[in-house]
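Next comes start_37.txt, with compact mmCIF, C-alpha atoms.
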```txt
# COMPACT_ATOMS: atom_id res chain seq x y z
CA MET A 1 66.15 38.30 65.10
CA THR A 2 64.33 41.21 63.50
CA THR A 3 60.95 42.75 64.24
CA ALA A 4 58.21 43.12 61.67
CA GLY A 5 54.54 43.84 61.92
CA SER A 6 51.73 46.31 61.60
CA ALA A 7 50.60 48.91 64.05
CA GLY A 8 49.54 47.33 67.30
CA SER A 9 51.30 44.03 66.70
CA ASN A 10 54.91 42.99 66.38
CA HIS A 11 56.37 39.69 65.30
CA ILE A 12 59.95 38.64 65.83
CA VAL A 13 61.28 37.32 62.52
CA PRO A 14 63.81 34.56 63.18
CA ASP A 15 67.28 34.95 61.71
CA ARG A 16 68.37 31.32 62.20
CA VAL A 17 66.06 28.32 61.92
CA ALA A 18 66.84 24.62 62.26
CA VAL A 19 64.79 22.16 60.22
CA VAL A 20 64.83 18.59 61.50
CA GLY A 21 64.22 16.28 58.55
CA ALA A 22 65.64 16.33 55.01
CA GLY A 23 62.68 14.94 53.10
CA MET A 24 60.49 16.86 50.68
CA VAL A 25 58.57 18.70 53.40
CA GLY A 26 61.61 19.70 55.45
CA LEU A 27 63.69 20.83 52.48
CA ALA A 28 60.81 22.77 50.93
CA THR A 29 60.30 24.58 54.23
CA ALA A 30 64.03 25.34 54.40
CA TRP A 31 64.02 26.66 50.81
CA PHE A 32 61.07 28.99 51.34
CA LEU A 33 62.54 30.23 54.62
CA GLN A 34 65.66 31.16 52.66
CA GLU A 35 63.43 32.98 50.18
CA ALA A 36 62.38 35.17 53.13
CA GLY A 37 66.00 35.83 54.09
CA VAL A 38 66.29 33.29 56.91
CA GLU A 39 69.49 31.31 57.53
CA VAL A 40 68.69 27.59 57.68
CA THR A 41 70.36 24.45 58.97
CA VAL A 42 68.79 21.10 58.07
CA LEU A 43 69.56 18.00 60.13
CA ASP A 44 68.59 14.43 59.33
CA ARG A 45 69.14 11.06 61.00
CA GLU A 46 70.28 9.50 57.70
CA GLY A 47 70.43 11.94 54.82
CA VAL A 48 68.53 13.66 52.04
CA ALA A 49 65.33 11.80 51.02
CA ALA A 50 66.23 8.85 53.23
CA GLY A 51 62.69 8.32 54.55
CA ALA A 52 59.39 8.24 52.69
CA SER A 53 60.61 10.71 50.04
CA TRP A 54 62.91 8.39 48.09
CA GLY A 55 61.10 5.29 46.84
CA ASN A 56 57.48 6.39 46.60
CA ALA A 57 55.48 6.64 43.38
CA GLY A 58 56.34 10.32 42.85
CA TRP A 59 52.84 11.33 41.75
CA LEU A 60 51.90 15.01 41.72
CA THR A 61 48.16 14.49 41.83
CA PRO A 62 46.42 17.12 43.96
CA GLY A 63 43.15 16.12 42.29
CA LEU A 64 43.44 12.75 44.06
CA ALA A 65 44.88 14.02 47.36
CA THR A 66 42.07 12.86 49.59
CA PRO A 67 41.84 11.84 53.27
CA LEU A 68 43.22 8.36 53.88
CA PRO A 69 40.43 7.39 56.35
CA GLU A 70 37.51 6.70 54.02
CA PRO A 71 34.39 4.52 54.13
CA ALA A 72 36.00 1.94 51.83
CA VAL A 73 38.57 1.20 54.55
CA LEU A 74 35.83 -0.16 56.79
CA LYS A 75 35.06 -2.83 54.20
CA TYR A 76 38.30 -4.61 55.09
CA GLY A 77 37.55 -7.23 57.70
CA VAL A 78 39.86 -8.18 60.54
CA ARG A 79 40.86 -11.35 58.71
CA ALA A 80 41.82 -9.33 55.61
CA VAL A 81 44.06 -6.78 57.33
CA LEU A 82 45.88 -9.54 59.19
CA SER A 83 46.83 -11.27 55.92
CA PRO A 84 50.40 -10.61 54.73
CA SER A 85 49.10 -10.33 51.15
CA SER A 86 46.44 -7.71 51.98
CA PRO A 87 46.92 -4.23 50.45
CA VAL A 88 46.28 -2.89 53.96
CA TYR A 89 48.20 -4.90 56.55
CA VAL A 90 48.21 -4.76 60.34
CA PRO A 91 50.55 -7.16 62.16
CA PRO A 92 48.79 -9.44 64.65
CA THR A 93 51.19 -8.21 67.36
CA ALA A 94 49.95 -4.60 67.13
CA SER A 95 51.03 -2.44 70.07
CA PRO A 96 48.57 -0.53 72.27
CA ARG A 97 49.70 2.69 70.55
CA LEU A 98 48.92 1.26 67.12
CA LEU A 99 45.55 -0.08 68.28
CA LYS A 100 44.70 3.39 69.60
CA PHE A 101 45.62 4.89 66.22
CA LEU A 102 43.58 2.31 64.31
CA THR A 103 40.53 2.88 66.53
CA ARG A 104 40.62 6.61 65.85
CA PHE A 105 41.34 5.97 62.16
CA ALA A 106 38.24 3.77 61.92
CA ARG A 107 36.10 6.42 63.64
CA ASN A 108 37.16 8.90 60.98
CA SER A 109 36.42 6.50 58.11
CA THR A 110 32.83 7.65 57.70
CA ALA A 111 31.30 9.60 54.82
CA GLY A 112 30.63 12.66 57.00
CA ARG A 113 34.12 12.89 58.44
CA TRP A 114 35.69 12.20 55.06
CA LYS A 115 33.79 15.17 53.61
CA THR A 116 34.88 17.43 56.47
CA ALA A 117 38.51 16.43 55.97
CA MET A 118 38.19 16.78 52.19
CA ASP A 119 36.85 20.31 52.59
CA ALA A 120 39.97 21.11 54.62
CA LEU A 121 42.32 19.74 51.96
CA VAL A 122 40.81 21.42 48.90
CA PRO A 123 42.34 24.92 49.45
CA ILE A 124 45.89 23.60 49.89
CA ASN A 125 45.49 21.07 47.07
CA ARG A 126 44.65 23.91 44.67
CA GLN A 127 48.02 25.51 45.35
CA ALA A 128 50.11 22.34 45.17
CA LEU A 129 51.22 22.48 41.52
CA PRO A 130 51.78 26.28 41.49
CA ALA A 131 54.26 25.77 44.35
CA PHE A 132 56.27 23.37 42.16
CA ASP A 133 56.14 25.94 39.35
CA PHE A 134 57.41 28.63 41.72
CA LEU A 135 60.43 26.50 42.63
CA ALA A 136 61.19 25.87 38.96
CA LYS A 137 60.96 29.55 38.03
CA ALA A 138 63.19 30.45 40.99
CA GLY A 139 65.98 28.21 39.73
CA VAL A 140 65.48 24.82 41.37
CA GLU A 141 66.72 22.55 38.58
CA ALA A 142 64.48 19.60 39.41
CA GLN A 143 61.90 18.66 36.80
CA THR A 144 58.25 17.78 36.99
CA TYR A 145 56.88 15.71 34.13
CA GLU A 146 53.48 16.16 32.54
CA ALA A 147 51.66 12.84 32.52
CA LYS A 148 50.90 12.27 28.83
CA SER A 149 48.55 9.62 30.09
CA PHE A 150 47.45 8.75 33.62
CA LEU A 151 45.34 5.61 33.75
CA ALA A 152 43.46 3.97 36.60
CA ALA A 153 42.90 0.44 35.30
CA TYR A 154 40.42 -2.23 36.37
CA ARG A 155 39.43 -5.74 35.40
CA THR A 156 35.75 -4.81 35.17
CA ALA A 157 33.53 -1.76 34.83
CA GLU A 158 31.89 -2.81 38.10
CA GLU A 159 35.22 -2.41 39.95
CA ARG A 160 35.61 1.03 38.39
CA LYS A 161 32.47 2.37 40.08
CA VAL A 162 34.33 2.90 43.36
CA LEU A 163 36.71 5.52 41.93
CA LEU A 164 33.99 7.12 39.81
CA GLU A 165 31.92 7.62 42.96
CA GLU A 166 34.95 9.04 44.79
CA ILE A 167 35.59 11.47 41.93
CA GLU A 168 31.97 12.63 42.23
CA GLN A 169 32.57 13.25 45.94
CA ILE A 170 35.82 15.10 45.16
CA HIS A 171 33.93 17.32 42.71
CA ALA A 172 31.20 17.91 45.30
CA ALA A 173 33.88 19.13 47.72
CA GLY A 174 34.91 21.76 45.17
CA GLN A 175 38.05 20.12 43.86
CA GLY A 176 38.34 19.83 40.11
CA ILE A 177 39.74 16.80 38.33
CA GLU A 178 39.26 16.09 34.63
CA PHE A 179 38.70 12.48 33.60
CA GLU A 180 37.03 10.15 31.14
CA ALA A 181 35.83 6.56 31.52
CA ILE A 182 37.23 4.34 28.78
CA SER A 183 37.19 0.67 27.79
CA GLY A 184 39.98 -1.80 28.33
CA ASP A 185 40.78 -1.81 24.60
CA ASP A 186 41.03 2.00 24.59
CA ALA A 187 43.28 1.83 27.63
CA ARG A 188 45.60 -0.66 25.90
CA GLU A 189 45.75 1.53 22.83
CA ILE A 190 46.97 4.37 25.07
CA GLU A 191 49.22 2.12 27.17
CA PRO A 192 50.31 -1.18 25.53
CA SER A 193 51.87 -2.12 28.88
CA LEU A 194 48.40 -3.09 30.15
CA SER A 195 47.45 -6.76 29.84
CA ASP A 196 44.29 -8.27 28.37
CA GLU A 197 42.99 -8.65 31.94
CA ILE A 198 42.12 -4.93 31.95
CA GLY A 199 38.50 -4.44 30.94
CA ALA A 200 37.85 -0.83 32.00
CA ALA A 201 39.78 2.27 32.96
CA ILE A 202 39.63 5.93 33.89
CA ARG A 203 41.91 8.38 32.13
CA LEU A 204 42.88 11.36 34.27
CA HIS A 205 44.03 14.66 32.79
CA GLY A 206 46.25 17.47 34.08
CA GLN A 207 48.41 15.31 36.36
CA ARG A 208 52.19 15.25 36.74
CA PHE A 209 54.91 13.06 38.25
CA ILE A 210 58.53 13.27 39.34
CA ASN A 211 61.46 11.04 40.17
CA PRO A 212 61.12 11.74 43.90
CA GLY A 213 64.66 10.84 45.00
CA SER A 214 66.21 12.94 42.24
CA TYR A 215 63.85 15.86 42.80
CA VAL A 216 64.45 16.03 46.55
CA GLN A 217 68.23 15.78 46.06
CA LEU A 218 68.17 18.70 43.61
CA LEU A 219 66.04 20.68 46.05
CA ALA A 220 68.68 19.98 48.70
CA ASP A 221 71.39 21.14 46.29
CA SER A 222 69.50 24.41 45.85
CA VAL A 223 69.24 24.91 49.63
CA ILE A 224 73.01 24.45 49.91
CA ALA A 225 73.73 26.71 46.92
CA ARG A 226 71.72 29.45 48.64
CA GLY A 227 73.88 29.23 51.75
CA GLY A 228 72.03 26.61 53.77
CA GLN A 229 73.68 23.80 55.68
CA ILE A 230 72.53 20.17 55.57
CA ILE A 231 73.96 17.84 58.20
CA SER A 232 73.37 14.10 57.82
CA GLY A 233 73.76 11.32 60.35
CA VAL A 234 72.39 13.34 63.25
CA VAL A 235 69.66 11.96 65.49
CA VAL A 236 67.84 14.76 67.29
CA LYS A 237 66.83 13.29 70.63
CA ASP A 238 65.27 16.34 72.21
CA ILE A 239 64.36 19.98 71.62
CA VAL A 240 64.93 22.40 74.49
CA ASP A 241 63.05 25.70 74.33
CA GLU A 242 64.52 28.30 76.68
CA ILE A 243 64.85 32.08 76.97
CA ARG A 244 67.98 32.42 74.86
CA GLY A 245 66.72 30.20 72.03
CA VAL A 246 65.87 26.66 71.00
CA ARG A 247 68.61 24.05 71.31
CA LEU A 248 68.70 20.60 69.75
CA VAL A 249 70.00 17.70 71.80
CA THR A 250 71.72 15.14 69.59
CA GLY A 251 73.81 12.03 70.12
CA ASP A 252 76.87 14.27 69.90
CA GLY A 253 75.74 16.87 72.42
CA GLU A 254 73.81 20.11 72.07
CA THR A 255 73.65 22.67 69.30
CA ASP A 256 73.95 26.41 69.71
CA PRO A 257 70.54 28.07 70.14
CA PHE A 258 68.33 28.69 67.09
CA ASP A 259 65.61 31.31 66.86
CA ALA A 260 63.11 28.65 65.81
CA VAL A 261 62.92 24.95 64.96
CA VAL A 262 60.78 23.07 62.43
CA MET A 263 60.04 19.40 63.10
CA ALA A 264 59.66 17.68 59.72
CA THR A 265 60.60 14.18 60.82
CA GLY A 266 57.90 12.23 59.02
CA ALA A 267 56.75 9.11 60.83
CA TRP A 268 58.91 10.06 63.83
CA LEU A 269 57.18 13.43 64.30
CA GLY A 270 55.35 12.45 67.48
CA ASP A 271 58.58 11.55 69.28
CA LEU A 272 59.69 15.20 69.36
CA ALA A 273 56.35 16.99 69.10
CA ARG A 274 54.50 15.49 72.05
CA GLN A 275 56.21 17.72 74.62
CA PHE A 276 55.02 20.77 72.66
CA GLY A 277 51.35 19.89 72.92
CA VAL A 278 50.95 17.82 69.75
CA ARG A 279 48.63 15.00 70.73
CA THR A 280 47.70 13.68 67.29
CA VAL A 281 49.27 10.26 66.80
CA VAL A 282 51.51 9.99 63.74
CA GLN A 283 51.72 6.37 62.63
CA ALA A 284 53.96 4.88 59.96
CA GLY A 285 51.89 3.58 57.06
CA ARG A 286 54.74 1.83 55.30
CA GLY A 287 54.78 1.58 51.52
CA TYR A 288 56.94 -0.74 49.40
CA SER A 289 58.40 -0.30 45.93
CA PHE A 290 60.83 -1.78 43.43
CA SER A 291 61.94 -1.14 39.86
CA VAL A 292 61.57 -3.51 36.89
CA PRO A 293 62.34 -3.52 33.16
CA ILE A 294 59.31 -3.42 30.88
CA ALA A 295 59.05 -3.73 27.09
CA HIS A 296 56.96 -0.60 26.73
CA VAL A 297 57.62 2.07 29.34
CA PRO A 298 54.31 3.90 29.97
CA ALA A 299 54.04 7.58 29.06
CA GLY A 300 52.72 8.34 32.52
CA PRO A 301 51.60 6.74 35.77
CA VAL A 302 49.41 3.63 35.79
CA TYR A 303 47.27 2.89 38.83
CA PHE A 304 45.53 -0.36 39.76
CA PRO A 305 43.14 0.90 42.48
CA ALA A 306 41.58 -2.47 43.34
CA GLN A 307 45.04 -3.83 44.13
CA ARG A 308 46.34 -0.45 45.46
CA ILE A 309 49.35 -0.63 43.17
CA ALA A 310 50.93 2.49 41.69
CA CYS A 311 53.31 2.36 38.71
CA THR A 312 55.51 5.25 37.58
CA PRO A 313 57.90 5.45 34.59
CA LEU A 314 61.41 6.38 35.73
CA GLY A 315 63.84 6.45 32.85
CA ASP A 316 63.81 3.09 31.06
CA ARG A 317 62.27 1.21 33.99
CA LEU A 318 58.97 1.07 35.81
CA ARG A 319 58.68 1.74 39.54
CA VAL A 320 56.00 -0.45 41.09
CA ALA A 321 54.76 0.65 44.51
CA GLY A 322 52.04 -0.40 46.89
CA MET A 323 50.92 -1.59 50.31
CA MET A 324 49.83 0.23 53.45
CA GLU A 325 51.55 -1.57 56.29
CA PHE A 326 50.97 -0.23 59.79
CA ARG A 327 54.20 -1.05 61.56
CA LYS A 328 57.14 0.65 63.29
CA PRO A 329 58.87 3.01 60.84
CA GLU A 330 62.29 1.47 61.37
CA ALA A 331 61.17 -2.18 60.96
CA LYS A 332 63.06 -4.17 58.31
CA LEU A 333 61.68 -4.71 54.83
CA ASP A 334 59.28 -7.67 54.83
CA PRO A 335 59.79 -9.68 51.60
CA ARG A 336 56.23 -11.01 51.87
CA ARG A 337 54.96 -7.49 51.04
CA ILE A 338 57.13 -7.40 47.91
CA ASP A 339 55.84 -10.84 46.91
CA ALA A 340 52.25 -9.69 47.41
CA ILE A 341 52.75 -6.69 45.11
CA VAL A 342 54.42 -8.88 42.48
CA GLU A 343 51.63 -11.46 42.45
CA ALA A 344 48.94 -8.76 42.29
CA ALA A 345 50.67 -6.86 39.47
CA ARG A 346 51.80 -9.83 37.36
CA PRO A 347 48.46 -10.51 35.60
CA LEU A 348 47.82 -6.80 34.95
CA LEU A 349 51.05 -5.73 33.23
CA ARG A 350 52.27 -6.87 29.83
CA ASP A 351 55.95 -7.73 29.28
CA ALA A 352 57.12 -6.48 32.67
CA ASP A 353 59.94 -8.62 34.08
CA LEU A 354 58.77 -8.66 37.68
CA ASP A 355 61.46 -11.18 38.59
CA ALA A 356 64.25 -8.77 37.57
CA ARG A 357 63.59 -6.41 40.45
CA THR A 358 66.04 -3.78 41.65
CA PHE A 359 65.87 -1.12 44.39
CA GLU A 360 63.50 -3.03 46.65
CA TRP A 361 62.52 -0.42 49.24
CA VAL A 362 60.21 0.29 52.14
CA GLY A 363 59.46 3.76 53.46
CA PRO A 364 57.27 5.03 56.31
CA ARG A 365 54.47 7.37 55.24
CA PRO A 366 53.45 9.56 58.22
CA CYS A 367 49.71 8.99 58.72
CA THR A 368 47.28 10.71 61.09
CA PRO A 369 43.97 9.32 62.39
CA ASP A 370 41.91 12.09 60.75
CA GLY A 371 43.80 12.05 57.43
CA LEU A 372 44.95 15.66 57.79
CA PRO A 373 48.56 16.85 58.03
CA ILE A 374 50.03 18.63 61.04
CA ILE A 375 51.37 22.03 59.99
CA GLY A 376 52.02 25.14 62.08
CA ALA A 377 53.06 26.43 65.46
CA THR A 378 52.96 24.19 68.51
CA ALA A 379 52.47 25.19 72.16
CA SER A 380 55.80 26.99 71.76
CA PRO A 381 55.71 29.91 69.30
CA ARG A 382 59.28 29.01 68.31
CA VAL A 383 58.73 25.31 67.60
CA PHE A 384 56.79 24.31 64.49
CA ALA A 385 55.53 21.00 63.10
CA ALA A 386 55.31 19.95 59.46
CA GLY A 387 54.24 16.40 58.73
CA GLY A 388 51.52 13.78 58.81
CA HIS A 389 50.71 14.08 55.09
CA GLY A 390 50.08 10.35 54.68
CA MET A 391 50.40 9.48 50.99
CA TRP A 392 50.59 13.11 49.87
CA GLY A 393 53.89 14.39 51.28
CA ILE A 394 55.42 14.66 47.81
CA THR A 395 52.41 16.37 46.23
CA LEU A 396 51.89 18.79 49.14
CA GLY A 397 55.52 19.19 50.24
CA PRO A 398 56.36 22.45 48.41
CA ILE A 399 53.10 24.24 49.25
CA THR A 400 53.46 23.10 52.88
CA GLY A 401 56.94 24.64 52.97
CA GLN A 402 55.74 27.85 51.33
CA LEU A 403 52.81 28.37 53.71
CA LEU A 404 54.73 27.33 56.82
CA ALA A 405 57.60 29.68 55.97
CA GLU A 406 55.00 32.45 55.69
CA THR A 407 53.69 31.52 59.14
CA ILE A 408 57.16 31.53 60.69
CA THR A 409 58.28 34.83 59.17
CA THR A 410 55.04 36.82 59.53
CA GLY A 411 53.42 35.36 62.64
CA ARG A 412 50.17 34.93 60.69
CA THR A 413 48.64 31.56 59.88
CA PRO A 414 47.37 31.38 56.28
CA ARG A 415 43.77 30.25 56.13
CA GLU A 416 44.82 27.16 54.15
CA LEU A 417 46.74 25.89 57.20
CA ARG A 418 44.12 26.52 59.88
CA PRO A 419 42.53 23.02 59.67
CA PHE A 420 45.97 21.48 60.20
CA ASN A 421 46.66 23.07 63.59
CA PRO A 422 49.17 20.84 65.42
CA LEU A 423 47.27 21.43 68.68
CA ARG A 424 43.89 20.22 67.36
```
I'd like the structure from this file rewritten - as structure tokens, please.
Amino acid sequence: MTTAGSAGSNHIVPDRVAVVGAGMVGLATAWFLQEAGVEVTVLDREGVAAGASWGNAGWLTPGLATPLPEPAVLKYGVRAVLSPSSPVYVPPTASPRLLKFLTRFARNSTAGRWKTAMDALVPINRQALPAFDFLAKAGVEAQTYEAKSFLAAYRTAEERKVLLEEIEQIHAAGQGIEFEAISGDDAREIEPSLSDEIGAAIRLHGQRFINPGSYVQLLADSVIARGGQIISGVVVKDIVDEIRGVRLVTGDGETDPFDAVVMATGAWLGDLARQFGVRTVVQAGRGYSFSVPIAHVPAGPVYFPAQRIACTPLGDRLRVAGMMEFRKPEAKLDPRRIDAIVEAARPLLRDADLDARTFEWVGPRPCTPDGLPIIGATASPRVFAAGGHGMWGITLGPITGQLLAETITTGRTPRELRPFNPLR
């Protein structure tokens, strides 16, 4: 380790850091640590992008990166969330831990708390796309795609009011997002893939998207090309912080000591972080997706907010994603969730063969009760947390890695990260 700092303060810069988790957040942190001259080793229980990073919608939409607990959530009744076809599903056999999470989540789903959380997200959201641009300019060969169109589509103009009101609140919080309200006919002219059921829409400007699995794999390739090591198939069972360094306890034994460790384990973050003072519950909000052929591949993402279905063009197919299922992260794919997405999407898309599905997938988004991520130092100055981004781990992954690497190498917490203190 090396020492850096100004007069009156010294910070020990770690030479070797282990990152636990090879999703977007973990790999971005590893990459930016390398940018600061740190040697990194990334470990993952399965492999690169094996968790929530692979099959999600791949939207880069900082303008829409808002707290998940919101007043609209409270409109779902108990009967609704217990229905297997509900966009937000809670199994009737919810554990005490899940019930505790849901109680806190509900308490945060008020207008006042949403605004407080939104105010915390705005500064980091503003830097989200520049972080992707930095990676591209520095040689990461993964592409981001400009959304030639990004449509939020509704059956009626009345349904559309919900998002229009949310956009007003987003603007009030100081976050810019360009949009225009258009008719269903105008929406179909832009995107012929929309059916005649669509009667109103919102067109968003300045948004991007990626193929998330491909992007994260290319980011991993860059980490390796820069001298990093990525080890798959390793379950980290414990982290031991002692005088001579931080050791990882795995199923195969113990590692040599590292100077610091980053926990970027997604929905499993709480399992390792609790002993280091992280009390915020991280719950898996599982999302489902699949890929289908469609006669006209959209030029950009299509969103059906009332049904909570997100569609993204990937090559010559359309990825259809949706659901928020509060369940154990490792639970098996529930085909009823896939069926629910299919039946909700079928009347809204034109010439999409929803029965020719491939790549049916479920992934656990790491959600927190207050809708804010957990980023920064824990009770140990050598153990750091990076996770809890909910639906925005792809959008905010690179900027999270950039700011956390700055924290680790300088000992100073950027102001953008202060609301996300893991010890809050």
Pick from A:Pro192, A:Thr265, A:Val88, A:Val235, whichever lies nearest to Gly253 in chain A using all atoms listed in the file: A:Val235
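Here the question is which of A:Arg155, A:Arg97, A:His171, A:His296 gets nearest to Asp119 in chain A using only C-alpha atoms, and that residue is A:His171.
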Length of the CA of Gly363 in chain A to CA of Pro329 in chain A vector [Å]: 7.4 Å
Contact residues around Gly387 in chain A with all atoms listed in the file at 6 Å, ignoring same-chain residues under 6 positions, as number ranges by chain: A: 264, 266, 373-374
Non-local contacts of range 178-183 of chain A (9 Å; only C-alpha atoms; under 6 positions in same chain excluded) as a VMD selection string: chain A and resid 63 157 160 164 167 198 to 206
Nearest residue to Arg226 in chain A from the set A:Ala50, A:Val383, A:Val140, A:Leu423 (distances using all atoms listed in the file): A:Val140
For CA of Thr116 in chain A and CA of Gly58 in chain A, the interatomic separation in Å (one decimal):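 Distance reported for this atom pair: 26.4 Å.
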Missing atoms in range 186-194 of chain A: fill them in up to all heavy atoms and send the result as a PDB file, keeping the file's coordinate frame.
```
ATOM      1  N   ASP A 186      40.546   0.621  24.723  1.00  0.00           N
ATOM      2  CA  ASP A 186      41.030   2.000  24.590  1.00  0.00           C
ATOM      3  C   ASP A 186      42.221   2.247  25.499  1.00  0.00           C
ATOM      4  O   ASP A 186      43.181   2.930  25.122  1.00  0.00           O
ATOM      5  CB  ASP A 186      39.906   2.989  24.916  1.00  0.00           C
ATOM      6  CG  ASP A 186      38.840   3.037  23.842  1.00  0.00           C
ATOM      7  OD1 ASP A 186      39.129   2.610  22.701  1.00  0.00           O
ATOM      8  OD2 ASP A 186      37.719   3.488  24.140  1.00  0.00           O
ATOM      9  N   ALA A 187      42.168   1.670  26.688  1.00  0.00           N
ATOM     10  CA  ALA A 187      43.280   1.830  27.630  1.00  0.00           C
ATOM     11  C   ALA A 187      44.554   1.196  27.080  1.00  0.00           C
ATOM     12  O   ALA A 187      45.647   1.765  27.183  1.00  0.00           O
ATOM     13  CB  ALA A 187      42.915   1.219  28.986  1.00  0.00           C
ATOM     14  N   ARG A 188      44.429   0.015  26.475  1.00  0.00           N
ATOM     15  CA  ARG A 188      45.600  -0.660  25.900  1.00  0.00           C
ATOM     16  C   ARG A 188      46.153   0.082  24.688  1.00  0.00           C
ATOM     17  O   ARG A 188      47.359   0.062  24.441  1.00  0.00           O
ATOM     18  CB  ARG A 188      45.249  -2.105  25.525  1.00  0.00           C
ATOM     19  CG  ARG A 188      45.523  -3.102  26.630  1.00  0.00           C
ATOM     20  CD  ARG A 188      45.212  -4.522  26.187  1.00  0.00           C
ATOM     21  NE  ARG A 188      43.788  -4.681  25.919  1.00  0.00           N
ATOM     22  CZ  ARG A 188      42.873  -4.861  26.867  1.00  0.00           C
ATOM     23  NH1 ARG A 188      43.246  -4.897  28.130  1.00  0.00           N
ATOM     24  NH2 ARG A 188      41.595  -4.996  26.556  1.00  0.00           N
ATOM     25  N   GLU A 189      45.281   0.741  23.968  1.00  0.00           N
ATOM     26  CA  GLU A 189      45.750   1.530  22.830  1.00  0.00           C
ATOM     27  C   GLU A 189      46.601   2.702  23.315  1.00  0.00           C
ATOM     28  O   GLU A 189      47.599   3.065  22.695  1.00  0.00           O
ATOM     29  CB  GLU A 189      44.565   2.045  22.011  1.00  0.00           C
ATOM     30  CG  GLU A 189      44.979   2.732  20.723  1.00  0.00           C
ATOM     31  CD  GLU A 189      43.791   3.069  19.845  1.00  0.00           C
ATOM     32  OE1 GLU A 189      42.734   2.415  19.997  1.00  0.00           O
ATOM     33  OE2 GLU A 189      43.917   3.988  19.028  1.00  0.00           O
ATOM     34  N   ILE A 190      46.201   3.269  24.467  1.00  0.00           N
ATOM     35  CA  ILE A 190      46.970   4.370  25.070  1.00  0.00           C
ATOM     36  C   ILE A 190      48.236   3.824  25.714  1.00  0.00           C
ATOM     37  O   ILE A 190      49.324   4.387  25.552  1.00  0.00           O
ATOM     38  CB  ILE A 190      46.120   5.113  26.116  1.00  0.00           C
ATOM     39  CG1 ILE A 190      44.921   5.774  25.449  1.00  0.00           C
ATOM     40  CG2 ILE A 190      46.962   6.152  26.856  1.00  0.00           C
ATOM     41  CD1 ILE A 190      43.858   6.242  26.433  1.00  0.00           C
ATOM     42  N   GLU A 191      48.097   2.715  26.439  1.00  0.00           N
ATOM     43  CA  GLU A 191      49.220   2.120  27.170  1.00  0.00           C
ATOM     44  C   GLU A 191      49.313   0.628  26.843  1.00  0.00           C
ATOM     45  O   GLU A 191      48.618  -0.191  27.455  1.00  0.00           O
ATOM     46  CB  GLU A 191      49.069   2.309  28.676  1.00  0.00           C
ATOM     47  CG  GLU A 191      49.356   3.707  29.172  1.00  0.00           C
ATOM     48  CD  GLU A 191      50.773   4.159  28.875  1.00  0.00           C
ATOM     49  OE1 GLU A 191      51.580   3.370  28.343  1.00  0.00           O
ATOM     50  OE2 GLU A 191      51.081   5.318  29.155  1.00  0.00           O
ATOM     51  N   PRO A 192      50.147   0.241  25.873  1.00  0.00           N
ATOM     52  CA  PRO A 192      50.310  -1.180  25.530  1.00  0.00           C
ATOM     53  C   PRO A 192      50.865  -2.020  26.685  1.00  0.00           C
ATOM     54  O   PRO A 192      50.851  -3.250  26.604  1.00  0.00           O
ATOM     55  CB  PRO A 192      51.308  -1.144  24.365  1.00  0.00           C
ATOM     56  CG  PRO A 192      51.205   0.239  23.804  1.00  0.00           C
ATOM     57  CD  PRO A 192      50.903   1.120  24.973  1.00  0.00           C
ATOM     58  N   SER A 193      51.335  -1.382  27.733  1.00  0.00           N
ATOM     59  CA  SER A 193      51.870  -2.120  28.880  1.00  0.00           C
ATOM     60  C   SER A 193      50.774  -2.780  29.704  1.00  0.00           C
ATOM     61  O   SER A 193      51.067  -3.574  30.602  1.00  0.00           O
ATOM     62  CB  SER A 193      52.682  -1.186  29.773  1.00  0.00           C
ATOM     63  OG  SER A 193      51.905  -0.068  30.153  1.00  0.00           O
ATOM     64  N   LEU A 194      49.512  -2.471  29.424  1.00  0.00           N
ATOM     65  CA  LEU A 194      48.400  -3.090  30.150  1.00  0.00           C
ATOM     66  C   LEU A 194      48.055  -4.436  29.504  1.00  0.00           C
ATOM     67  O   LEU A 194      48.026  -4.569  28.283  1.00  0.00           O
ATOM     68  CB  LEU A 194      47.179  -2.178  30.122  1.00  0.00           C
ATOM     69  CG  LEU A 194      47.319  -0.849  30.863  1.00  0.00           C
ATOM     70  CD1 LEU A 194      46.090   0.019  30.629  1.00  0.00           C
ATOM     71  CD2 LEU A 194      47.529  -1.081  32.352  1.00  0.00           C
TER      72      LEU A 194
END
```
